[in-house]
Structure formats: C-alpha cells, structure tokens
>>> print(open('work-v2.cif').read())   # mmCIF, C-alpha atoms and all ligand atoms
data_coords
#
loop_
_atom_site.label_atom_id
_atom_site.label_comp_id
_atom_site.auth_asym_id
_atom_site.auth_seq_id
_atom_site.Cartn_x
_atom_site.Cartn_y
_atom_site.Cartn_z
CA MET W 1 147.11 207.48 130.45
CA ILE W 2 144.58 204.83 131.28
CA ARG W 3 143.48 205.17 134.90
CA PRO W 4 142.17 202.33 137.06
CA ILE W 5 138.38 202.26 137.35
CA VAL W 6 136.93 202.40 140.87
CA LEU W 7 134.56 199.49 141.47
CA TRP W 8 131.38 199.47 143.52
CA PRO W 9 131.01 199.31 146.55
CA ASP W 10 134.01 201.62 146.97
CA PRO W 11 132.74 204.55 149.10
CA ILE W 12 134.26 207.00 146.58
CA LEU W 13 131.26 206.25 144.38
CA SER W 14 128.88 207.53 147.07
CA GLN W 15 130.45 210.98 147.40
CA ILE W 16 129.03 214.21 146.03
CA CYS W 17 131.60 215.76 143.69
CA ALA W 18 132.88 219.32 143.90
CA PRO W 19 132.54 221.90 141.10
CA ILE W 20 135.57 222.55 138.92
CA GLU W 21 136.67 226.12 139.60
CA GLN W 22 139.30 226.41 136.90
CA ILE W 23 139.99 224.39 133.76
CA ASP W 24 143.72 224.11 134.32
CA ALA W 25 146.32 221.64 133.06
CA PRO W 26 145.46 218.89 135.59
CA VAL W 27 141.77 219.11 134.62
CA GLN W 28 142.67 218.92 130.93
CA GLN W 29 144.88 215.92 131.61
CA LEU W 30 142.08 214.30 133.58
CA ALA W 31 139.70 214.73 130.63
CA THR W 32 142.25 213.20 128.24
CA ASP W 33 142.84 210.28 130.59
CA MET W 34 139.14 209.72 131.19
CA LEU W 35 138.43 209.51 127.45
CA GLU W 36 141.32 207.09 126.96
CA THR W 37 140.08 205.00 129.88
CA MET W 38 136.49 205.04 128.58
CA TYR W 39 137.45 203.92 125.06
CA ASP W 40 139.76 201.25 126.46
CA ALA W 41 137.18 199.83 128.89
CA PRO W 42 135.23 199.93 126.49
CA GLY W 43 132.36 202.16 127.54
CA ARG W 44 130.23 205.05 126.33
CA GLY W 45 130.41 207.22 129.42
CA LEU W 46 132.73 207.72 132.38
CA ALA W 47 132.51 210.09 135.34
CA ALA W 48 135.48 211.50 137.28
CA PRO W 49 134.66 209.67 140.56
CA GLN W 50 134.95 206.42 138.60
CA VAL W 51 138.67 207.14 138.32
CA GLY W 52 138.83 208.31 141.93
CA VAL W 53 138.56 212.07 141.34
CA LEU W 54 135.72 213.83 143.16
CA LEU W 55 135.17 216.60 140.62
CA ARG W 56 132.08 217.41 138.55
CA MET W 57 133.18 216.18 135.15
CA PHE W 58 132.20 213.31 132.90
CA VAL W 59 132.98 212.22 129.37
CA MET W 60 130.70 210.47 126.94
CA ASP W 61 130.57 209.26 123.37
CA THR W 62 127.37 207.37 122.79
CA ALA W 63 127.89 206.48 119.12
CA TRP W 64 131.57 205.61 118.77
CA LYS W 65 130.91 201.87 118.75
CA ASP W 66 128.94 202.42 115.52
CA GLY W 67 131.33 204.81 113.77
CA ASP W 68 133.75 207.65 114.34
CA ARG W 69 134.70 208.90 117.79
CA THR W 70 132.86 212.07 118.81
CA PRO W 71 133.91 212.65 122.43
CA THR W 72 132.08 215.12 124.66
CA VAL W 73 133.69 216.49 127.84
CA VAL W 74 131.08 217.75 130.30
CA ILE W 75 132.19 220.04 133.15
CA ASN W 76 129.90 221.25 135.96
CA PRO W 77 126.68 219.98 134.34
CA ASN W 78 123.27 221.10 135.42
CA ILE W 79 120.07 219.38 134.32
CA THR W 80 117.56 222.22 133.98
CA ASP W 81 114.61 220.27 132.61
CA ARG W 82 113.44 216.66 132.57
CA SER W 83 110.59 215.53 130.31
CA ASP W 84 107.48 214.14 131.98
CA GLN W 85 107.76 211.14 129.71
CA SER W 86 110.07 208.48 131.13
CA VAL W 87 111.72 205.42 129.67
CA ILE W 88 112.95 202.20 131.23
CA GLY W 89 116.01 200.54 129.78
CA PRO W 90 118.94 198.30 130.67
CA GLU W 91 122.04 200.12 131.90
CA GLY W 92 125.51 198.81 132.56
CA CYS W 93 128.19 200.64 134.51
CA LEU W 94 131.97 200.33 134.25
CA SER W 95 132.09 200.44 138.05
CA ILE W 96 129.67 197.51 138.37
CA PRO W 97 131.00 195.08 135.77
CA GLY W 98 128.69 192.27 134.72
CA VAL W 99 125.52 193.86 136.10
CA THR W 100 122.75 195.23 133.90
CA ALA W 101 119.91 197.01 135.67
CA ASP W 102 116.63 198.32 134.28
CA VAL W 103 116.55 201.98 135.26
CA THR W 104 113.78 204.53 134.78
CA ARG W 105 114.95 207.86 133.32
CA ALA W 106 113.43 210.97 131.81
CA ALA W 107 113.15 210.44 128.05
CA GLU W 108 114.57 213.90 127.33
CA ILE W 109 116.53 216.42 129.35
CA THR W 110 117.92 219.90 128.94
CA MET W 111 121.47 220.07 130.22
CA GLN W 112 123.85 222.99 130.50
CA TRP W 113 127.55 222.50 130.99
CA THR W 114 130.98 223.95 130.39
CA GLY W 115 133.21 222.45 127.73
CA LEU W 116 136.93 221.82 128.05
CA ASP W 117 137.64 225.12 126.26
CA GLY W 118 135.50 227.00 128.77
CA SER W 119 132.55 227.60 126.46
CA LEU W 120 129.00 227.16 127.70
CA PHE W 121 126.59 224.64 126.22
CA VAL W 122 122.84 224.29 126.61
CA GLU W 123 121.37 221.35 124.73
CA ARG W 124 118.22 219.28 124.64
CA LEU W 125 119.35 215.66 124.83
CA THR W 126 117.23 212.78 123.57
CA GLY W 127 117.47 209.04 123.06
CA PHE W 128 120.44 207.14 124.44
CA THR W 129 122.43 210.34 124.90
CA ALA W 130 119.82 211.59 127.40
CA ILE W 131 120.02 208.29 129.29
CA CYS W 132 123.80 208.25 129.32
CA ALA W 133 124.01 211.86 130.54
CA GLN W 134 121.60 211.14 133.41
CA HIS W 135 123.60 208.05 134.37
CA GLU W 136 126.88 210.00 134.43
CA PHE W 137 125.28 212.97 136.20
CA ASP W 138 124.14 210.55 138.91
CA HIS W 139 127.78 209.59 139.52
CA LEU W 140 128.58 213.23 140.32
CA GLU W 141 125.82 213.12 142.95
CA GLY W 142 127.16 209.90 144.45
CA ARG W 143 124.51 207.67 142.91
CA VAL W 144 124.89 204.47 140.90
CA THR W 145 122.27 202.39 139.09
CA PHE W 146 121.62 200.39 142.28
CA ASP W 147 120.33 203.59 143.89
CA ARG W 148 117.64 203.87 141.19
CA LEU W 149 116.07 200.46 141.84
CA THR W 150 113.40 199.18 144.18
CA SER W 151 114.88 197.62 147.30
CA ASP W 152 113.83 194.13 146.16
CA VAL W 153 115.52 194.36 142.78
CA ARG W 154 118.51 196.08 144.31
CA SER W 155 119.00 193.27 146.84
CA ILE W 156 118.89 190.60 144.14
CA LEU W 157 121.34 192.37 141.81
CA GLN W 158 123.74 193.29 144.61
CA ALA W 159 123.78 189.72 145.85
CA GLU W 160 124.55 188.50 142.33
CA TYR W 161 127.30 191.08 141.91
CA LEU W 162 128.96 190.33 145.23
CA ALA W 163 128.68 186.53 144.86
ZN ZN D 201 128.23 204.24 135.74
#
>>> encode(input="work-v2.cif", output="structure tokens")
Amino acid sequence: MIRPIVLWPDPILSQICAPIEQIDAPVQQLATDMLETMYDAPGRGLAAPQVGVLLRMFVMDTAWKDGDRTPTVVINPNITDRSDQSVIGPEGCLSIPGVTADVTRAAEITMQWTGLDGSLFVERLTGFTAICAQHEFDHLEGRVTFDRLTSDVRSILQAEYLA
C-alpha cells in the first residue's frame, strides 16, 4: 500500500526515531509499504518518518532506475565509521519536493544494521550508496538536508521552497 509522504516542515521530520524492538508483522508491512511508496514516488531512498512512523528503519535502492530492483531494508542502523574524505553533491528529498541542496557527506561509511529477516549486516558503503544511507540515517535523527547547510544557503532554499 502506498502511504502518503510527509512534507517538510511537518514537525514529524524533526523527531528522533525509536529503535525497532521486534520485527513483527506491522514492521514487515511497513517495509513493504515503504518500498512500494519509494518506487512509486519515484525515489531511491525513504525513511520511516517520511511516512509518519517514528521508527528506525529506512529502505533504499540506489540503482533501480538503471536496471533491476535490488531493495535494501535497513533496521536500527548504526554508522560506525566515516571516512575523513568528504564529498559535496546535490541531494533531493521526497519530503522537500523540487529542492536540490548541495550537501557535504563522508565519501565512505561503515554501517551496521539489521535486515528484515533479523540477520545482522556490517558493510562498507561507497559512492552514491554511502550518500543515500547518510541522508536516510539523518531522517532517523530528525535531520533533513536543510539542517546540513550554512544558514545563508538554508534561508535561500527554504524561502524558495515555501514561496
Ligand atoms: Zn530525504
């Protein structure tokens, strides 16, 4: 089921999300719905608060627009390492339609998370996948791209968005 996407500046997007204690049927349904919503949007990442659920889960599929769908469901992620090298690149957000912001991110990260089947993953993420994961992780901490900008740039983009 496609769920409505929460749009900035809804205060839901500023909340810190709670860990998922148990991967039960509602959590599995949420993951299914989030993937359907992401592909429909269309987007390459979607975090639970973006559909109004304050739990630590996001979905991503960074390559599906270029080929087959390879969805990843990320539960209770933890970024355990960020490379010293950073990259700046344009990022959109399904909760801030029409706005592209240049955000600085670590070029590579190590992330651990739990999959939908309960198994543990620890992976070094690079390239666009690393960027996407950091963007979605930010949502679980109540941060959007605007929160990663200088106040000058933020003011300009917010004014454009709200106009
Ligand atoms: Zn976003």
>>> residues_around(input="work-v2.cif", residues="Leu54 of chain W", least_positions_apart="2", cutoff="10 Å", atoms="all atoms listed in the file", output="NGL selection string")
:W and (12-13 or 15-20 or 47-52 or 56-57 or 139-142)
>>> residues_around(input="work-v2.cif", residues="Thr110 of chain W", least_positions_apart="3", cutoff="9 Å", atoms="only C-alpha atoms", output="short mmCIF file (atom, residue, chain, number, x, y, z; two decimals) with C-alpha atoms, keeping the file's coordinate frame")
data_model
loop_
_atom_site.label_atom_id
_atom_site.label_comp_id
_atom_site.auth_asym_id
_atom_site.auth_seq_id
_atom_site.Cartn_x
_atom_site.Cartn_y
_atom_site.Cartn_z
CA ASN W 78 123.27 221.10 135.42
CA ILE W 79 120.07 219.38 134.32
CA THR W 80 117.56 222.22 133.98
CA ASP W 81 114.61 220.27 132.61
CA ARG W 82 113.44 216.66 132.57
CA SER W 83 110.59 215.53 130.31
CA VAL W 122 122.84 224.29 126.61
CA GLU W 123 121.37 221.35 124.73
CA ARG W 124 118.22 219.28 124.64
CA LEU W 125 119.35 215.66 124.83
CA THR W 126 117.23 212.78 123.57
CA ALA W 130 119.82 211.59 127.40
#
>>> closest_residue(input="work-v2.cif", among="W:Pro26, W:Gly92, W:Pro9, W:Pro77", to="ligand ZN 201 (chain D)", atoms="only C-alpha atoms and all ligand atoms")
W:Gly92
>>> closest_residue(input="work-v2.cif", among="W:Ser14, W:Asn76, W:Ser86, W:Gln29", to="ligand ZN 201 (chain D)", atoms="all atoms listed in the file")
W:Ser14
>>> residues_near_ligand(input="work-v2.cif", ligand="ligand ZN 201 (chain D)", cutoff="12 Å", atoms="all atoms listed in the file", output="CSV table (one decimal) with C-alpha atoms, in the frame of the given file")
chain,number,residue,atom,x,y,z
W,5,ILE,CA,138.4,202.3,137.4
W,6,VAL,CA,136.9,202.4,140.9
W,7,LEU,CA,134.6,199.5,141.5
W,8,TRP,CA,131.4,199.5,143.5
W,13,LEU,CA,131.3,206.2,144.4
W,14,SER,CA,128.9,207.5,147.1
W,38,MET,CA,136.5,205.0,128.6
W,43,GLY,CA,132.4,202.2,127.5
W,44,ARG,CA,130.2,205.0,126.3
W,45,GLY,CA,130.4,207.2,129.4
W,46,LEU,CA,132.7,207.7,132.4
W,47,ALA,CA,132.5,210.1,135.3
W,48,ALA,CA,135.5,211.5,137.3
W,49,PRO,CA,134.7,209.7,140.6
W,50,GLN,CA,135.0,206.4,138.6
W,51,VAL,CA,138.7,207.1,138.3
W,58,PHE,CA,132.2,213.3,132.9
W,59,VAL,CA,133.0,212.2,129.4
W,60,MET,CA,130.7,210.5,126.9
W,91,GLU,CA,122.0,200.1,131.9
W,92,GLY,CA,125.5,198.8,132.6
W,93,CYS,CA,128.2,200.6,134.5
W,94,LEU,CA,132.0,200.3,134.2
W,95,SER,CA,132.1,200.4,138.0
W,96,ILE,CA,129.7,197.5,138.4
W,97,PRO,CA,131.0,195.1,135.8
W,99,VAL,CA,125.5,193.9,136.1
W,100,THR,CA,122.8,195.2,133.9
W,101,ALA,CA,119.9,197.0,135.7
W,103,VAL,CA,116.6,202.0,135.3
W,131,ILE,CA,120.0,208.3,129.3
W,132,CYS,CA,123.8,208.2,129.3
W,133,ALA,CA,124.0,211.9,130.5
W,134,GLN,CA,121.6,211.1,133.4
W,135,HIS,CA,123.6,208.0,134.4
W,136,GLU,CA,126.9,210.0,134.4
W,137,PHE,CA,125.3,213.0,136.2
W,138,ASP,CA,124.1,210.6,138.9
W,139,HIS,CA,127.8,209.6,139.5
W,140,LEU,CA,128.6,213.2,140.3
W,141,GLU,CA,125.8,213.1,143.0
W,142,GLY,CA,127.2,209.9,144.4
W,143,ARG,CA,124.5,207.7,142.9
W,144,VAL,CA,124.9,204.5,140.9
W,145,THR,CA,122.3,202.4,139.1
W,146,PHE,CA,121.6,200.4,142.3
W,147,ASP,CA,120.3,203.6,143.9
W,148,ARG,CA,117.6,203.9,141.2
>>> residues_around(input="work-v2.cif", residues="Thr114 of chain W", least_positions_apart="5", cutoff="6 Å", atoms="all atoms listed in the file", output="MDAnalysis selection string")
chainID W and resid 75 119:120
>>> atom_distance(input="work-v2.cif", atom1="atom CA of Thr104 of chain W", atom2="atom CA of Gly89 of chain W")
6.8 Å
>>> axis_aligned_box(input="work-v2.cif", around="segment 40-44 of chain W", padding_each_side="5 Å", output="AutoDock Vina command-line options")
--center_x 135.0 --center_y 202.4 --center_z 127.6 --size_x 19.5 --size_y 15.2 --size_z 12.6
>>> atom_distance(input="work-v2.cif", atom1="atom CA of Thr32 of chain W", atom2="atom CA of Phe128 of chain W")
23.0 Å
>>> atom_distance(input="work-v2.cif", atom1="atom CA of Asp10 of chain W", atom2="atom CA of Leu149 of chain W")
18.7 Å
>>> closest_residue(input="work-v2.cif", among="W:Ile88, W:Ile156, W:Leu116, W:Val74", to="Ala25 of chain W", atoms="all atoms listed in the file")
W:Leu116
>>> residues_around(input="work-v2.cif", residues="Thr70 of chain W", least_positions_apart="5", cutoff="9 Å", atoms="all atoms listed in the file", output="ChimeraX atom specification")
/W:60-64
